[in-house]
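One structure is given here, and the rest of the page talks about it.
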Amino acid sequence: MKYLVLLCDGMADTPSDYLGGKTPMELADKPNMDALAKVSEVGLCKTVAKGLKPGSDVANLSVMGYDPTVSYTGRSPLEAASIGIDLKDTDVTLRCNIVTLSDEERYEDKTMVDYCAGDISTAEAAEIIKTVEEKLGNEIYKFYSGVSYRHCLVVDGGTTDLGNMTPPHDISGRVIGEYLSKSENAAPLIDLMKKSYEFLKDHPVNKAREARGERPANSIWLWGEGTKPDVQNFKEKNGVSGCVISAVDLLKGIGICAGMETPEVEGATGYIDTNFSGKANAAIEAFGKGTELVYIHVEAPDECGHRCEPENKVKAIGLIDKLILAPVKKYLDESGEDHRILICPDHPTPLLTKTHSSEPVPFMIYDSRKVLTGVDTLTEKTAASTGLFIEHGPSIMDRLLEK
């Protein structure tokens with residue numbers, strides 16, 4: 001038996017005027033998803049437990065079958081694992097975005113113009129983080145370069161008691177002052193953020209970006225604090241070998257911590273310009289090598305939600321359907337092996353709010369051995385109409401594996 005999980009990050013949404021009262025899932029051209037939905041088990045799943053923030057960390061752990069209330073120690077430690085950082089038990093890590101802030105004199109008066117600094121390239125970002133490490137790094141603080149705008153800070157002997165270290169994508173277009181943690185423990189970290197602006201605003205990389213009409217990466221932004229993760233080996237837990245295919249450090253980190261393969265896909269960006277076909281090919285290659293479960297994570301719908309790009313979010317879902325689902329399903333059919341397919345988002349990322357929400361997400365589980373009575377099209381409404389509801393998110397993996 002082969003298992004495919006197609007995780008369309010942030011795909012679920014709410015009806016909005018941006019799309020004539022429809023959701024991106026309702027408007028997307030996704031004939032392959034809809035064909036499977038007609039003969040699949042379809043319903044809603046609560047991937048974010050009550051009391052937890054609706055991040056991709058918590059939600060993806062849940063879909064992978066891990067109870068975040070037990071295994072989750074913070075977002076950044078998972079990303080640190082992907083970067084290859086060997087954490088001590090006394091280390092605290094933080095996600096270090098490089099962002100674009102407006103140019104008001106007081107740091108607190110600046111606006112979060114762009115949480116991803118104009119989708120800065122990994123090469124440019126590496127130069128930025130190199131300078132940050134030179135200026136701010138010491139025996140306590142160590143900065144590590146990641147992918148695009150996503151990087152990591154490790155604090156030796158730090159604390160996770162930092163108050164509210166707000167994710168930057170939650171405050172797009174807002175003045176940042178009220179979102180800076182007021183905790184005394186967070187004060188040194190907020191000071192690092194303020195200091196970074198002073199030397200990054202005139203950084204050669206940013207001068208070149210501004211000359212090209214691009215947004216500068218003029219500040220670091222620290223959040224997502226955590227400690228060394230404790231994630232059980234996936235095969236030991238579930239009895240099947242696994243592979244995670246993703247462009248983002250967070251998902252790769254979860255895979256690494258779980259002992260799963262995490263192949264690199266050239267041209268995978270985490271946005272709508274990602275190498276969709278490359279991800280499909282990586283999945284097919286993994287199955288061909290004998291991997292039993294492949295988890296394909298596609299970030300594009302989530303990024304389009306954060307950026308409030310309605311047309312691109314609709315387009316992203318269609319590209320996932322055409323360039324990933326279609327060829328991987330064709331391979332599985334032609335292989336002659338029985339297979340089961342789970343398709344779902346990890347959480348909604350509504351265009352109206354431009355950030356994650358905790359609402360249950362639509363899911364479908366297809367089984368090549370069975371023809372069920374499903375729904376005509378996979379949407380938020382049709383999933384709710386079946387009455388099937390999985391309240392404990394991590395049990396969806398058991399359901400896929402028929403455990």
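Simple scheme: letters A, B, ... for chains in structure tokens order, numbers from 1 for residues in each chain, numbers from 1 for ligands in the order shown.
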
(request) With a distance cut-off of 9 Å and only C-alpha atoms, select the neighbouring residues of Asn281 of chain A, excluding the residue or stretch itself and same-chain residues fewer than 6 positions from it, and output the selection as an MDAnalysis selection string. (result) chainID A and resid 324 327:328

Take the residues from that selection and put them in a file with N, CA and C atoms, as an mmCIF file, in the first residue's frame.
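Now in out35.cif:
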```
data_model
loop_
_atom_site.group_PDB
_atom_site.id
_atom_site.type_symbol
_atom_site.label_atom_id
_atom_site.label_comp_id
_atom_site.auth_asym_id
_atom_site.auth_seq_id
_atom_site.Cartn_x
_atom_site.Cartn_y
_atom_site.Cartn_z
ATOM 1 N N ILE A 324 0.818 18.632 -9.788
ATOM 2 C CA ILE A 324 1.246 17.697 -8.746
ATOM 3 C C ILE A 324 0.307 16.507 -8.651
ATOM 4 N N PRO A 327 -0.057 14.110 -12.157
ATOM 5 C CA PRO A 327 1.018 13.156 -12.485
ATOM 6 C C PRO A 327 1.294 12.127 -11.394
ATOM 7 N N VAL A 328 1.174 12.508 -10.125
ATOM 8 C CA VAL A 328 1.437 11.535 -9.057
ATOM 9 C C VAL A 328 0.331 10.486 -9.029
#
```

Distance table requested - segment 262-344 of chain A against segment 57-76 of chain A, cut-off 12 Å, only C-alpha atoms: one row per qualifying residue with the closest atom pair and its distance in Å to one decimal, ordered by chain and rising residue number, as CSV.
```
residue,atom,partner,partner_atom,distance
A:Leu293,CA,A:Met64,CA,10.7
A:Val294,CA,A:Met64,CA,10.9
A:Tyr295,CA,A:Met64,CA,8.5
A:Ile296,CA,A:Asn60,CA,11.3
A:His297,CA,A:Asn60,CA,9.1
A:Val298,CA,A:Asn60,CA,11.6
A:Glu299,CA,A:Asn60,CA,11.7
A:Leu342,CA,A:Val63,CA,9.7
A:Ile343,CA,A:Val63,CA,10.4
A:Cys344,CA,A:Val63,CA,8.9
```

Output for the residues just chosen: C-alpha atoms as a PDB file, in the first residue's frame:
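Dumped everything to out-v7.pdb:
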```pdb
ATOM      1  CA  LEU A 293       4.120   7.473   2.534  1.00  0.00           C
ATOM      2  CA  VAL A 294       4.940  10.747   0.769  1.00  0.00           C
ATOM      3  CA  TYR A 295       3.869  14.061   2.302  1.00  0.00           C
ATOM      4  CA  ILE A 296       3.883  16.834  -0.301  1.00  0.00           C
ATOM      5  CA  HIS A 297       3.594  20.268   1.298  1.00  0.00           C
ATOM      6  CA  VAL A 298       2.786  23.225  -0.963  1.00  0.00           C
ATOM      7  CA  GLU A 299       3.093  26.663   0.615  1.00  0.00           C
ATOM      8  CA  LEU A 342      -5.330  12.448   1.796  1.00  0.00           C
ATOM      9  CA  ILE A 343      -5.851  15.975   0.466  1.00  0.00           C
ATOM     10  CA  CYS A 344      -6.358  18.876   2.863  1.00  0.00           C
TER      11      CYS A 344
END
```

(request) as a PyMOL selection string, list the residues of segment 48-256 of chain A assigned to helix (DSSP H, G or I) by DSSP on the backbone atoms of this structure. (result) chain A and resi 56-63+68-71+75-83+107-109+122-136+168-170+177-179+184-200+204-211+234-238+249-256

List as a compact mmCIF listing (two decimals) with C-alpha atoms, in the first residue's frame the protein and nucleic acid residues near segment 147-155 of chain A, meaning an atom at most 9 Å away when only C-alpha atoms are counted, but skip any in the same chain fewer than 2 places from it.
```
# COMPACT_ATOMS: atom_id res chain seq x y z
CA SER A 76 11.84 27.74 15.37
CA PRO A 77 13.46 24.57 16.78
CA GLU A 79 13.29 25.10 11.41
CA ALA A 80 16.65 24.92 13.18
CA ILE A 83 19.12 24.27 8.77
CA ILE A 85 21.73 23.35 13.86
CA LEU A 87 20.76 22.36 19.63
CA THR A 90 19.64 24.82 27.23
CA ASP A 91 19.30 26.59 23.87
CA VAL A 92 16.27 28.66 22.93
CA THR A 93 15.66 29.33 19.24
CA LEU A 94 13.64 32.04 17.52
CA ARG A 95 12.49 32.44 13.96
CA CYS A 96 14.31 35.42 12.47
CA ASN A 97 12.38 36.96 9.58
CA ILE A 98 13.95 39.74 7.58
CA VAL A 99 11.18 42.22 6.91
CA TYR A 115 6.79 40.35 6.33
CA CYS A 116 8.99 38.72 3.64
CA ALA A 117 10.98 41.74 2.37
CA GLY A 118 9.66 41.49 -1.16
CA ASP A 119 10.27 37.74 -1.30
CA ILE A 120 13.99 38.34 -1.02
CA SER A 121 16.25 35.75 -2.65
CA THR A 122 18.15 33.28 -0.51
CA ALA A 123 21.48 34.60 -1.82
CA GLU A 124 20.65 38.20 -0.89
CA ALA A 125 19.27 37.12 2.47
CA ALA A 126 22.47 35.23 3.25
CA ILE A 129 22.17 37.57 7.88
CA GLU A 139 28.63 34.17 22.81
CA ILE A 140 24.91 34.43 23.63
CA TYR A 141 23.32 35.19 20.25
CA LYS A 142 24.06 33.21 17.09
CA PHE A 143 22.28 33.91 13.79
CA TYR A 144 21.91 31.22 11.11
CA SER A 145 20.92 31.74 7.49
CA GLY A 157 20.71 29.75 28.00
CA GLY A 158 17.65 31.68 26.85
CA THR A 159 14.03 31.58 27.98
CA ALA A 217 15.15 43.87 4.02
CA LEU A 222 12.11 37.68 16.08
CA ALA A 247 10.24 24.28 0.12
CA VAL A 248 10.15 25.58 3.69
CA ASP A 249 12.48 24.87 6.59
CA THR A 269 10.29 28.61 -3.45
```

May I have a table of the residues of segment 216-315 of chain A lying at most 12 Å from segment 205-209 of chain A, giving each one's closest pair of atoms and their distance in Å to one decimal, counting only C-alpha atoms, ordered by chain and ascending residue number, as a Markdown table?
```
| residue | atom | partner | partner_atom | distance |
| --- | --- | --- | --- | --- |
| A:Pro216 | CA | A:Asn206 | CA | 4.8 |
| A:Ala217 | CA | A:Asn206 | CA | 6.3 |
| A:Asn218 | CA | A:Asn206 | CA | 7.3 |
| A:Ser219 | CA | A:Asn206 | CA | 10.7 |
```

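For Ser357 of chain A, the set of protein, DNA and RNA residues having any atom at most 9 Å away, when counting only C-alpha atoms and skipping those fewer than 3 positions along the same chain, is Val48, Lys53, Pro54, Gly55, His347, Pro348, Thr349, Pro350, Thr353 and Pro360 of chain A.
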
Keeping only all heavy atoms, write those residues as a PDB file, in the first residue's frame.
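What follows is the written file again.pdb:
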```pdb
ATOM      1  N   VAL A  48      -6.213  22.361  14.536  1.00  0.00           N
ATOM      2  CA  VAL A  48      -5.644  23.230  15.571  1.00  0.00           C
ATOM      3  C   VAL A  48      -6.475  23.075  16.838  1.00  0.00           C
ATOM      4  O   VAL A  48      -7.629  23.509  16.895  1.00  0.00           O
ATOM      5  CB  VAL A  48      -5.609  24.704  15.133  1.00  0.00           C
ATOM      6  CG1 VAL A  48      -5.001  25.576  16.233  1.00  0.00           C
ATOM      7  CG2 VAL A  48      -4.823  24.861  13.834  1.00  0.00           C
ATOM      8  N   LYS A  53      -2.166  28.281  18.990  1.00  0.00           N
ATOM      9  CA  LYS A  53      -2.184  29.249  17.898  1.00  0.00           C
ATOM     10  C   LYS A  53      -2.192  28.507  16.563  1.00  0.00           C
ATOM     11  O   LYS A  53      -1.520  27.491  16.406  1.00  0.00           O
ATOM     12  CB  LYS A  53      -0.956  30.162  17.988  1.00  0.00           C
ATOM     13  CG  LYS A  53      -0.949  31.056  19.219  1.00  0.00           C
ATOM     14  CD  LYS A  53       0.297  31.939  19.249  1.00  0.00           C
ATOM     15  CE  LYS A  53       0.301  32.835  20.485  1.00  0.00           C
ATOM     16  NZ  LYS A  53       1.522  33.688  20.543  1.00  0.00           N
ATOM     17  N   PRO A  54      -2.943  29.021  15.577  1.00  0.00           N
ATOM     18  CA  PRO A  54      -3.086  28.302  14.302  1.00  0.00           C
ATOM     19  C   PRO A  54      -1.902  28.489  13.363  1.00  0.00           C
ATOM     20  O   PRO A  54      -2.015  29.065  12.280  1.00  0.00           O
ATOM     21  CB  PRO A  54      -4.356  28.916  13.717  1.00  0.00           C
ATOM     22  CG  PRO A  54      -4.364  30.314  14.246  1.00  0.00           C
ATOM     23  CD  PRO A  54      -3.788  30.232  15.640  1.00  0.00           C
ATOM     24  N   GLY A  55      -0.739  28.008  13.773  1.00  0.00           N
ATOM     25  CA  GLY A  55       0.436  28.090  12.919  1.00  0.00           C
ATOM     26  C   GLY A  55       0.590  26.841  12.065  1.00  0.00           C
ATOM     27  O   GLY A  55       0.023  25.784  12.358  1.00  0.00           O
ATOM     28  N   HIS A 347      -4.514  24.591   7.729  1.00  0.00           N
ATOM     29  CA  HIS A 347      -5.369  25.580   8.400  1.00  0.00           C
ATOM     30  C   HIS A 347      -5.897  26.517   7.321  1.00  0.00           C
ATOM     31  O   HIS A 347      -5.340  26.571   6.214  1.00  0.00           O
ATOM     32  CB  HIS A 347      -4.564  26.381   9.434  1.00  0.00           C
ATOM     33  CG  HIS A 347      -3.317  26.979   8.854  1.00  0.00           C
ATOM     34  ND1 HIS A 347      -3.338  27.963   7.879  1.00  0.00           N
ATOM     35  CD2 HIS A 347      -2.005  26.706   9.072  1.00  0.00           C
ATOM     36  CE1 HIS A 347      -2.106  28.278   7.523  1.00  0.00           C
ATOM     37  NE2 HIS A 347      -1.274  27.510   8.220  1.00  0.00           N
ATOM     38  N   PRO A 348      -6.945  27.274   7.575  1.00  0.00           N
ATOM     39  CA  PRO A 348      -7.344  28.309   6.626  1.00  0.00           C
ATOM     40  C   PRO A 348      -6.401  29.520   6.723  1.00  0.00           C
ATOM     41  O   PRO A 348      -5.853  29.803   7.782  1.00  0.00           O
ATOM     42  CB  PRO A 348      -8.759  28.696   7.083  1.00  0.00           C
ATOM     43  CG  PRO A 348      -9.193  27.606   8.025  1.00  0.00           C
ATOM     44  CD  PRO A 348      -7.934  27.095   8.655  1.00  0.00           C
ATOM     45  N   THR A 349      -6.230  30.211   5.600  1.00  0.00           N
ATOM     46  CA  THR A 349      -5.569  31.515   5.586  1.00  0.00           C
ATOM     47  C   THR A 349      -6.469  32.459   4.795  1.00  0.00           C
ATOM     48  O   THR A 349      -6.275  32.686   3.597  1.00  0.00           O
ATOM     49  CB  THR A 349      -4.168  31.447   4.954  1.00  0.00           C
ATOM     50  OG1 THR A 349      -3.393  30.438   5.606  1.00  0.00           O
ATOM     51  CG2 THR A 349      -3.434  32.783   5.116  1.00  0.00           C
ATOM     52  N   PRO A 350      -7.489  33.017   5.457  1.00  0.00           N
ATOM     53  CA  PRO A 350      -8.475  33.835   4.745  1.00  0.00           C
ATOM     54  C   PRO A 350      -7.880  35.112   4.148  1.00  0.00           C
ATOM     55  O   PRO A 350      -7.067  35.791   4.781  1.00  0.00           O
ATOM     56  CB  PRO A 350      -9.502  34.170   5.832  1.00  0.00           C
ATOM     57  CG  PRO A 350      -9.331  33.106   6.867  1.00  0.00           C
ATOM     58  CD  PRO A 350      -7.860  32.796   6.850  1.00  0.00           C
ATOM     59  N   THR A 353      -8.460  38.395   6.272  1.00  0.00           N
ATOM     60  CA  THR A 353      -7.643  38.712   7.452  1.00  0.00           C
ATOM     61  C   THR A 353      -6.149  38.639   7.171  1.00  0.00           C
ATOM     62  O   THR A 353      -5.347  39.155   7.948  1.00  0.00           O
ATOM     63  CB  THR A 353      -7.959  37.749   8.607  1.00  0.00           C
ATOM     64  OG1 THR A 353      -7.667  36.404   8.189  1.00  0.00           O
ATOM     65  CG2 THR A 353      -9.431  37.844   8.995  1.00  0.00           C
ATOM     66  N   PRO A 360     -11.981  24.431  11.447  1.00  0.00           N
ATOM     67  CA  PRO A 360     -11.737  23.107  10.853  1.00  0.00           C
ATOM     68  C   PRO A 360     -11.523  23.222   9.339  1.00  0.00           C
ATOM     69  O   PRO A 360     -12.068  24.122   8.685  1.00  0.00           O
ATOM     70  CB  PRO A 360     -13.019  22.334  11.168  1.00  0.00           C
ATOM     71  CG  PRO A 360     -13.590  23.021  12.368  1.00  0.00           C
ATOM     72  CD  PRO A 360     -13.253  24.467  12.203  1.00  0.00           C
TER      73      PRO A 360
END
```

(message) If we count only C-alpha atoms and set the cut-off at 12 Å, which residues sit around Leu101 of chain A, ignoring sequence neighbours fewer than 2 positions away in its own chain? Please answer as a ChimeraX atom specification.
(response) /A:97-99,103-118,168,171-177,193-194,196-198,200-201,215-221

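The environment of Asn275 of chain A within 8 Å, counting only C-alpha atoms and disregarding residues fewer than 4 places along the same chain, consists of Val265, Glu266, Gly267, Ala268, Thr269 and Lys279 of chain A.
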
(request) Tell me, as an MDAnalysis selection string, which residues lie within 9 Å of segment 234-237 of chain A, counting only C-alpha atoms; anything in the same chain fewer than 5 positions away does not count. (result) chainID A and resid 64:65 242 255 257:260

(message) Among segment 89-184 of chain A, which residues does DSSP mark as strand (DSSP E or B) when it is run on the backbone? Keep the chain and numbering as in the structure and answer as a count of residues only.
(response) 30
